[in-house]
Amino acid sequence: MLDKEEFVLLQIKTMNAQLEKQFLQLEEDRKNLFNGLKSYSDDVINKKPGLEKWSVVEVIVHLITAEEMSLKYLSKKIQDTSKEGSESFKHKYRWLLVQIVFAFNIKFKAPEIVEPKMGYQSLANLETKWRDVRNQTLQVLQKLSEEETEKTLWKHAIAGKMNLHHMVQFFGVHYNRHKKQIDRTLASVK
């Protein structure tokens, strides 16, 4: 019988090659994060570095929630992909702006829908939750044709509609931004 990790790798074989590469990088980053966090207690990763600052758990919950909300939106949009077109220049420009904002580490308040709302969490619980969201996302992506992955089936909370390549790229950019926050938080709470 295949374990969950082997099952994910087996499923990826049917995906668009570019999306597959991007998705595999996301999964490698996620696994590396949890492997690195295993040396910390649940109390440490739940500790806030300051009154208005997020704990490591809250940062991870935010990342999971953002991907989960994206999955919900995408699951609705794929019911009838004929209503959506390909990205226009405007969509590509907005994606470029998102990349610039994240590259220069411009700070802004997260949309309320993706603010962390869970209490104390164990690392094991977070790892399972994120893996499950990723597996569900993978299953949705695999159902789509090459043409559908180019359609504006995903909506960023601020920048608007984009294609699925940009969705997966956003997950990576978003993770990289918050990985730095996680590292800063761990340095200040341990």
# chains A, B, ... in the order shown; residues from 1 in each chain; ligands from 1
call {"tool": "select_by_dssp", "arguments": {"residues": "region 4-173 of chain A", "states": "alpha helix (DSSP H)", "output": "compact mmCIF listing (two decimals) with N, CA and C atoms, in the first residue's frame"}}
result
# COMPACT_ATOMS: atom_id res chain seq x y z
N LYS A 4 0.93 8.36 1.94
CA LYS A 4 0.41 9.59 1.34
C LYS A 4 1.43 10.30 0.45
N GLU A 5 2.68 10.31 0.86
CA GLU A 5 3.73 10.99 0.09
C GLU A 5 3.92 10.30 -1.26
N GLU A 6 3.96 8.96 -1.28
CA GLU A 6 4.11 8.22 -2.53
C GLU A 6 2.90 8.42 -3.43
N PHE A 7 1.72 8.48 -2.82
CA PHE A 7 0.49 8.69 -3.58
C PHE A 7 0.52 10.04 -4.30
N VAL A 8 0.98 11.08 -3.61
CA VAL A 8 1.09 12.42 -4.21
C VAL A 8 2.04 12.37 -5.40
N LEU A 9 3.19 11.77 -5.24
CA LEU A 9 4.17 11.70 -6.32
C LEU A 9 3.63 10.91 -7.51
N LEU A 10 2.90 9.87 -7.25
CA LEU A 10 2.31 9.07 -8.32
C LEU A 10 1.28 9.90 -9.09
N GLN A 11 0.49 10.68 -8.39
CA GLN A 11 -0.54 11.49 -9.02
C GLN A 11 0.06 12.60 -9.88
N ILE A 12 1.16 13.17 -9.46
CA ILE A 12 1.75 14.30 -10.17
C ILE A 12 2.12 13.94 -11.60
N ALA A 17 3.65 19.79 -17.14
CA ALA A 17 5.05 19.73 -16.70
C ALA A 17 5.47 20.96 -15.89
N GLN A 18 5.07 22.14 -16.32
CA GLN A 18 5.45 23.36 -15.60
C GLN A 18 4.78 23.42 -14.22
N LEU A 19 3.49 23.10 -14.19
CA LEU A 19 2.79 23.07 -12.90
C LEU A 19 3.38 22.01 -11.99
N GLU A 20 3.73 20.87 -12.56
CA GLU A 20 4.33 19.79 -11.78
C GLU A 20 5.61 20.27 -11.10
N LYS A 21 6.47 20.93 -11.85
CA LYS A 21 7.74 21.43 -11.31
C LYS A 21 7.48 22.42 -10.18
N GLN A 22 6.55 23.34 -10.40
CA GLN A 22 6.22 24.33 -9.38
C GLN A 22 5.62 23.68 -8.14
N PHE A 23 4.74 22.72 -8.36
CA PHE A 23 4.08 22.05 -7.24
C PHE A 23 5.07 21.23 -6.43
N LEU A 24 5.98 20.54 -7.11
CA LEU A 24 7.00 19.76 -6.40
C LEU A 24 7.89 20.65 -5.54
N GLN A 25 8.19 21.86 -6.02
CA GLN A 25 8.99 22.80 -5.23
C GLN A 25 8.22 23.25 -3.99
N LEU A 26 6.93 23.51 -4.16
CA LEU A 26 6.09 23.87 -3.00
C LEU A 26 6.12 22.76 -1.95
N GLU A 27 5.98 21.54 -2.41
CA GLU A 27 5.97 20.41 -1.48
C GLU A 27 7.32 20.23 -0.80
N GLU A 28 8.39 20.42 -1.54
CA GLU A 28 9.72 20.32 -0.94
C GLU A 28 9.90 21.39 0.13
N ASP A 29 9.46 22.61 -0.16
CA ASP A 29 9.56 23.70 0.81
C ASP A 29 8.74 23.39 2.07
N ARG A 30 7.53 22.88 1.87
CA ARG A 30 6.66 22.55 3.00
C ARG A 30 7.31 21.48 3.88
N LYS A 31 7.81 20.42 3.26
CA LYS A 31 8.45 19.34 4.01
C LYS A 31 9.69 19.84 4.75
N ASN A 32 10.50 20.66 4.09
CA ASN A 32 11.70 21.21 4.73
C ASN A 32 11.33 22.08 5.93
N LEU A 33 10.27 22.85 5.80
CA LEU A 33 9.82 23.68 6.92
C LEU A 33 9.49 22.81 8.13
N PHE A 34 8.67 21.80 7.93
CA PHE A 34 8.26 20.96 9.05
C PHE A 34 9.43 20.14 9.61
N ASN A 35 10.32 19.69 8.75
CA ASN A 35 11.50 18.99 9.26
C ASN A 35 12.34 19.90 10.13
N GLY A 36 12.47 21.16 9.73
CA GLY A 36 13.23 22.12 10.53
C GLY A 36 12.55 22.50 11.84
N LEU A 37 11.25 22.45 11.86
CA LEU A 37 10.50 22.84 13.06
C LEU A 37 10.39 21.71 14.09
N ASP A 42 5.97 22.42 20.83
CA ASP A 42 4.72 23.07 20.44
C ASP A 42 4.54 24.39 21.19
N ASP A 43 5.02 24.46 22.44
CA ASP A 43 4.93 25.72 23.19
C ASP A 43 5.72 26.83 22.51
N VAL A 44 6.91 26.51 22.01
CA VAL A 44 7.75 27.52 21.35
C VAL A 44 7.10 28.00 20.06
N ILE A 45 6.59 27.09 19.24
CA ILE A 45 6.02 27.52 17.97
C ILE A 45 4.67 28.22 18.13
N VAL A 56 4.74 31.40 15.20
CA VAL A 56 5.04 30.52 14.06
C VAL A 56 3.77 29.78 13.64
N VAL A 57 3.02 29.30 14.61
CA VAL A 57 1.77 28.60 14.31
C VAL A 57 0.83 29.50 13.53
N GLU A 58 0.68 30.74 13.96
CA GLU A 58 -0.23 31.66 13.27
C GLU A 58 0.22 31.94 11.84
N VAL A 59 1.51 32.03 11.62
CA VAL A 59 2.03 32.22 10.26
C VAL A 59 1.67 31.01 9.39
N ILE A 60 1.89 29.82 9.93
CA ILE A 60 1.59 28.60 9.18
C ILE A 60 0.08 28.49 8.93
N VAL A 61 -0.72 28.80 9.93
CA VAL A 61 -2.18 28.77 9.76
C VAL A 61 -2.58 29.75 8.66
N HIS A 62 -1.96 30.90 8.63
CA HIS A 62 -2.24 31.89 7.57
C HIS A 62 -1.92 31.31 6.19
N LEU A 63 -0.77 30.66 6.06
CA LEU A 63 -0.39 30.06 4.78
C LEU A 63 -1.37 28.96 4.37
N ILE A 64 -1.73 28.13 5.32
CA ILE A 64 -2.69 27.05 5.03
C ILE A 64 -4.03 27.64 4.63
N THR A 65 -4.49 28.64 5.37
CA THR A 65 -5.79 29.26 5.10
C THR A 65 -5.82 29.90 3.73
N ALA A 66 -4.75 30.57 3.35
CA ALA A 66 -4.68 31.20 2.02
C ALA A 66 -4.82 30.14 0.93
N GLU A 67 -4.13 29.03 1.09
CA GLU A 67 -4.22 27.95 0.10
C GLU A 67 -5.58 27.28 0.14
N GLU A 68 -6.15 27.15 1.32
CA GLU A 68 -7.47 26.54 1.46
C GLU A 68 -8.56 27.40 0.81
N MET A 69 -8.48 28.72 1.02
CA MET A 69 -9.45 29.62 0.40
C MET A 69 -9.29 29.62 -1.13
N SER A 70 -8.06 29.53 -1.59
CA SER A 70 -7.80 29.44 -3.03
C SER A 70 -8.42 28.16 -3.59
N LEU A 71 -8.28 27.07 -2.86
CA LEU A 71 -8.84 25.79 -3.27
C LEU A 71 -10.36 25.87 -3.36
N LYS A 72 -10.99 26.49 -2.37
CA LYS A 72 -12.45 26.62 -2.39
C LYS A 72 -12.91 27.42 -3.61
N TYR A 73 -12.23 28.54 -3.87
CA TYR A 73 -12.59 29.37 -5.02
C TYR A 73 -12.39 28.59 -6.32
N LEU A 74 -11.25 27.97 -6.44
CA LEU A 74 -10.92 27.20 -7.64
C LEU A 74 -11.91 26.06 -7.86
N SER A 75 -12.29 25.39 -6.79
CA SER A 75 -13.25 24.28 -6.90
C SER A 75 -14.58 24.75 -7.47
N LYS A 76 -14.98 25.96 -7.13
CA LYS A 76 -16.22 26.52 -7.69
C LYS A 76 -16.03 26.87 -9.16
N LYS A 77 -14.91 27.51 -9.48
CA LYS A 77 -14.66 27.99 -10.84
C LYS A 77 -14.51 26.85 -11.85
N PHE A 89 -3.19 41.36 -20.52
CA PHE A 89 -2.04 42.15 -20.07
C PHE A 89 -2.30 42.67 -18.65
N LYS A 90 -3.53 43.09 -18.38
CA LYS A 90 -3.89 43.62 -17.06
C LYS A 90 -3.64 42.57 -15.97
N HIS A 91 -4.01 41.33 -16.23
CA HIS A 91 -3.80 40.25 -15.26
C HIS A 91 -2.30 40.01 -15.02
N LYS A 92 -1.54 40.00 -16.10
CA LYS A 92 -0.10 39.77 -15.99
C LYS A 92 0.59 40.93 -15.26
N TYR A 93 0.10 42.14 -15.49
CA TYR A 93 0.63 43.32 -14.82
C TYR A 93 0.37 43.23 -13.30
N ARG A 94 -0.82 42.81 -12.96
CA ARG A 94 -1.16 42.66 -11.53
C ARG A 94 -0.28 41.60 -10.87
N TRP A 95 0.00 40.52 -11.59
CA TRP A 95 0.89 39.48 -11.06
C TRP A 95 2.28 40.05 -10.84
N LEU A 96 2.74 40.86 -11.76
CA LEU A 96 4.05 41.51 -11.61
C LEU A 96 4.07 42.39 -10.36
N LEU A 97 3.00 43.13 -10.12
CA LEU A 97 2.92 43.98 -8.93
C LEU A 97 2.96 43.15 -7.64
N VAL A 98 2.27 42.03 -7.66
CA VAL A 98 2.30 41.14 -6.49
C VAL A 98 3.73 40.69 -6.22
N GLN A 99 4.44 40.31 -7.26
CA GLN A 99 5.83 39.87 -7.10
C GLN A 99 6.72 40.99 -6.55
N ILE A 100 6.50 42.20 -7.04
CA ILE A 100 7.29 43.34 -6.57
C ILE A 100 7.03 43.60 -5.09
N VAL A 101 5.76 43.62 -4.71
CA VAL A 101 5.40 43.86 -3.31
C VAL A 101 6.06 42.81 -2.41
N PHE A 102 6.02 41.56 -2.83
CA PHE A 102 6.60 40.50 -2.01
C PHE A 102 8.13 40.53 -2.05
N ALA A 103 8.72 40.89 -3.17
CA ALA A 103 10.18 40.92 -3.29
C ALA A 103 10.79 42.01 -2.41
N LEU A 123 2.43 20.91 16.03
CA LEU A 123 3.12 20.86 14.74
C LEU A 123 2.57 19.72 13.89
N ALA A 124 2.32 18.59 14.50
CA ALA A 124 1.80 17.42 13.77
C ALA A 124 0.43 17.74 13.15
N ASN A 125 -0.43 18.43 13.87
CA ASN A 125 -1.74 18.79 13.36
C ASN A 125 -1.62 19.73 12.16
N LEU A 126 -0.73 20.71 12.26
CA LEU A 126 -0.53 21.64 11.15
C LEU A 126 0.02 20.94 9.91
N GLU A 127 0.95 20.03 10.14
CA GLU A 127 1.56 19.31 9.02
C GLU A 127 0.50 18.48 8.29
N THR A 128 -0.35 17.82 9.03
CA THR A 128 -1.42 17.00 8.44
C THR A 128 -2.41 17.88 7.68
N LYS A 129 -2.80 18.98 8.29
CA LYS A 129 -3.78 19.89 7.67
C LYS A 129 -3.24 20.43 6.34
N TRP A 130 -1.99 20.89 6.34
CA TRP A 130 -1.42 21.47 5.12
C TRP A 130 -1.25 20.41 4.04
N ARG A 131 -0.80 19.23 4.44
CA ARG A 131 -0.65 18.15 3.47
C ARG A 131 -2.00 17.81 2.83
N ASP A 132 -3.05 17.79 3.64
CA ASP A 132 -4.39 17.49 3.12
C ASP A 132 -4.86 18.55 2.13
N VAL A 133 -4.62 19.82 2.45
CA VAL A 133 -5.00 20.91 1.53
C VAL A 133 -4.22 20.79 0.24
N ARG A 134 -2.93 20.50 0.33
CA ARG A 134 -2.12 20.34 -0.88
C ARG A 134 -2.59 19.16 -1.72
N ASN A 135 -2.93 18.05 -1.07
CA ASN A 135 -3.41 16.88 -1.82
C ASN A 135 -4.72 17.21 -2.54
N GLN A 136 -5.60 17.94 -1.90
CA GLN A 136 -6.86 18.33 -2.53
C GLN A 136 -6.61 19.27 -3.70
N THR A 137 -5.67 20.20 -3.52
CA THR A 137 -5.31 21.12 -4.60
C THR A 137 -4.76 20.35 -5.79
N LEU A 138 -3.89 19.40 -5.50
CA LEU A 138 -3.31 18.56 -6.55
C LEU A 138 -4.40 17.83 -7.33
N GLN A 139 -5.36 17.28 -6.63
CA GLN A 139 -6.44 16.56 -7.29
C GLN A 139 -7.24 17.47 -8.23
N VAL A 140 -7.47 18.71 -7.81
CA VAL A 140 -8.18 19.67 -8.65
C VAL A 140 -7.34 20.01 -9.88
N LEU A 141 -6.07 20.29 -9.68
CA LEU A 141 -5.19 20.67 -10.79
C LEU A 141 -5.10 19.56 -11.83
N GLN A 142 -5.10 18.33 -11.37
CA GLN A 142 -4.99 17.20 -12.29
C GLN A 142 -6.21 17.01 -13.18
N LYS A 143 -7.32 17.52 -12.76
CA LYS A 143 -8.56 17.39 -13.55
C LYS A 143 -8.58 18.33 -14.75
N GLU A 146 -4.62 21.42 -20.24
CA GLU A 146 -3.56 22.41 -20.46
C GLU A 146 -4.19 23.79 -20.69
N GLU A 147 -5.21 23.83 -21.51
CA GLU A 147 -5.89 25.10 -21.83
C GLU A 147 -6.53 25.71 -20.58
N GLU A 148 -7.13 24.89 -19.76
CA GLU A 148 -7.80 25.40 -18.56
C GLU A 148 -6.81 25.98 -17.55
N THR A 149 -5.60 25.44 -17.49
CA THR A 149 -4.61 25.99 -16.55
C THR A 149 -4.18 27.40 -16.93
N LEU A 164 -3.66 29.52 -13.30
CA LEU A 164 -3.25 28.58 -12.27
C LEU A 164 -1.74 28.48 -12.10
N HIS A 165 -1.01 28.80 -13.15
CA HIS A 165 0.45 28.86 -13.01
C HIS A 165 0.80 29.96 -12.01
N HIS A 166 0.12 31.08 -12.13
CA HIS A 166 0.38 32.19 -11.20
C HIS A 166 -0.13 31.88 -9.80
N MET A 167 -1.18 31.09 -9.69
CA MET A 167 -1.65 30.67 -8.37
C MET A 167 -0.55 29.87 -7.66
N VAL A 168 -0.01 28.87 -8.35
CA VAL A 168 1.02 28.03 -7.75
C VAL A 168 2.28 28.85 -7.48
N GLN A 169 2.64 29.74 -8.39
CA GLN A 169 3.79 30.62 -8.16
C GLN A 169 3.55 31.51 -6.95
N PHE A 170 2.31 32.00 -6.82
CA PHE A 170 1.98 32.84 -5.66
C PHE A 170 2.17 32.06 -4.37
N PHE A 171 1.73 30.81 -4.34
CA PHE A 171 1.93 30.01 -3.13
C PHE A 171 3.41 29.97 -2.75
N GLY A 172 4.28 29.85 -3.75
CA GLY A 172 5.72 29.84 -3.48
C GLY A 172 6.25 31.17 -2.99
N VAL A 173 5.85 32.25 -3.64
CA VAL A 173 6.28 33.60 -3.24
C VAL A 173 5.76 33.91 -1.84
call {"tool": "residues_around", "arguments": {"residues": "Trp54 (chain A)", "least_positions_apart": "5", "cutoff": "12 Å", "atoms": "only C-alpha atoms", "output": "MDAnalysis selection string"}}
result
chainID A and resid 45:49 59:62 109:110 115:119 178 181:182 184:186 188:189
call {"tool": "select_by_dssp", "arguments": {"residues": "chain A", "states": "strand (DSSP E or B)", "output": "ChimeraX atom specification"}}
result
/A:86,151,154-156,160-162
call {"tool": "atom_distance", "arguments": {"atom1": "CA of Leu51 (chain A)", "atom2": "CA of Ala159 (chain A)"}}
result
29.2 Å
call {"tool": "atom_distance", "arguments": {"atom1": "CA of Ser88 (chain A)", "atom2": "CA of Lys151 (chain A)"}}
result
9.8 Å
call {"tool": "closest_residue", "arguments": {"among": "A:Gly85, A:Gly160, A:Asn105, A:Leu144", "to": "Lys179 (chain A)", "atoms": "only C-alpha atoms"}}
result
A:Asn105
call {"tool": "atom_distance", "arguments": {"atom1": "CA of Asp183 (chain A)", "atom2": "CA of Ser55 (chain A)"}}
result
10.7 Å
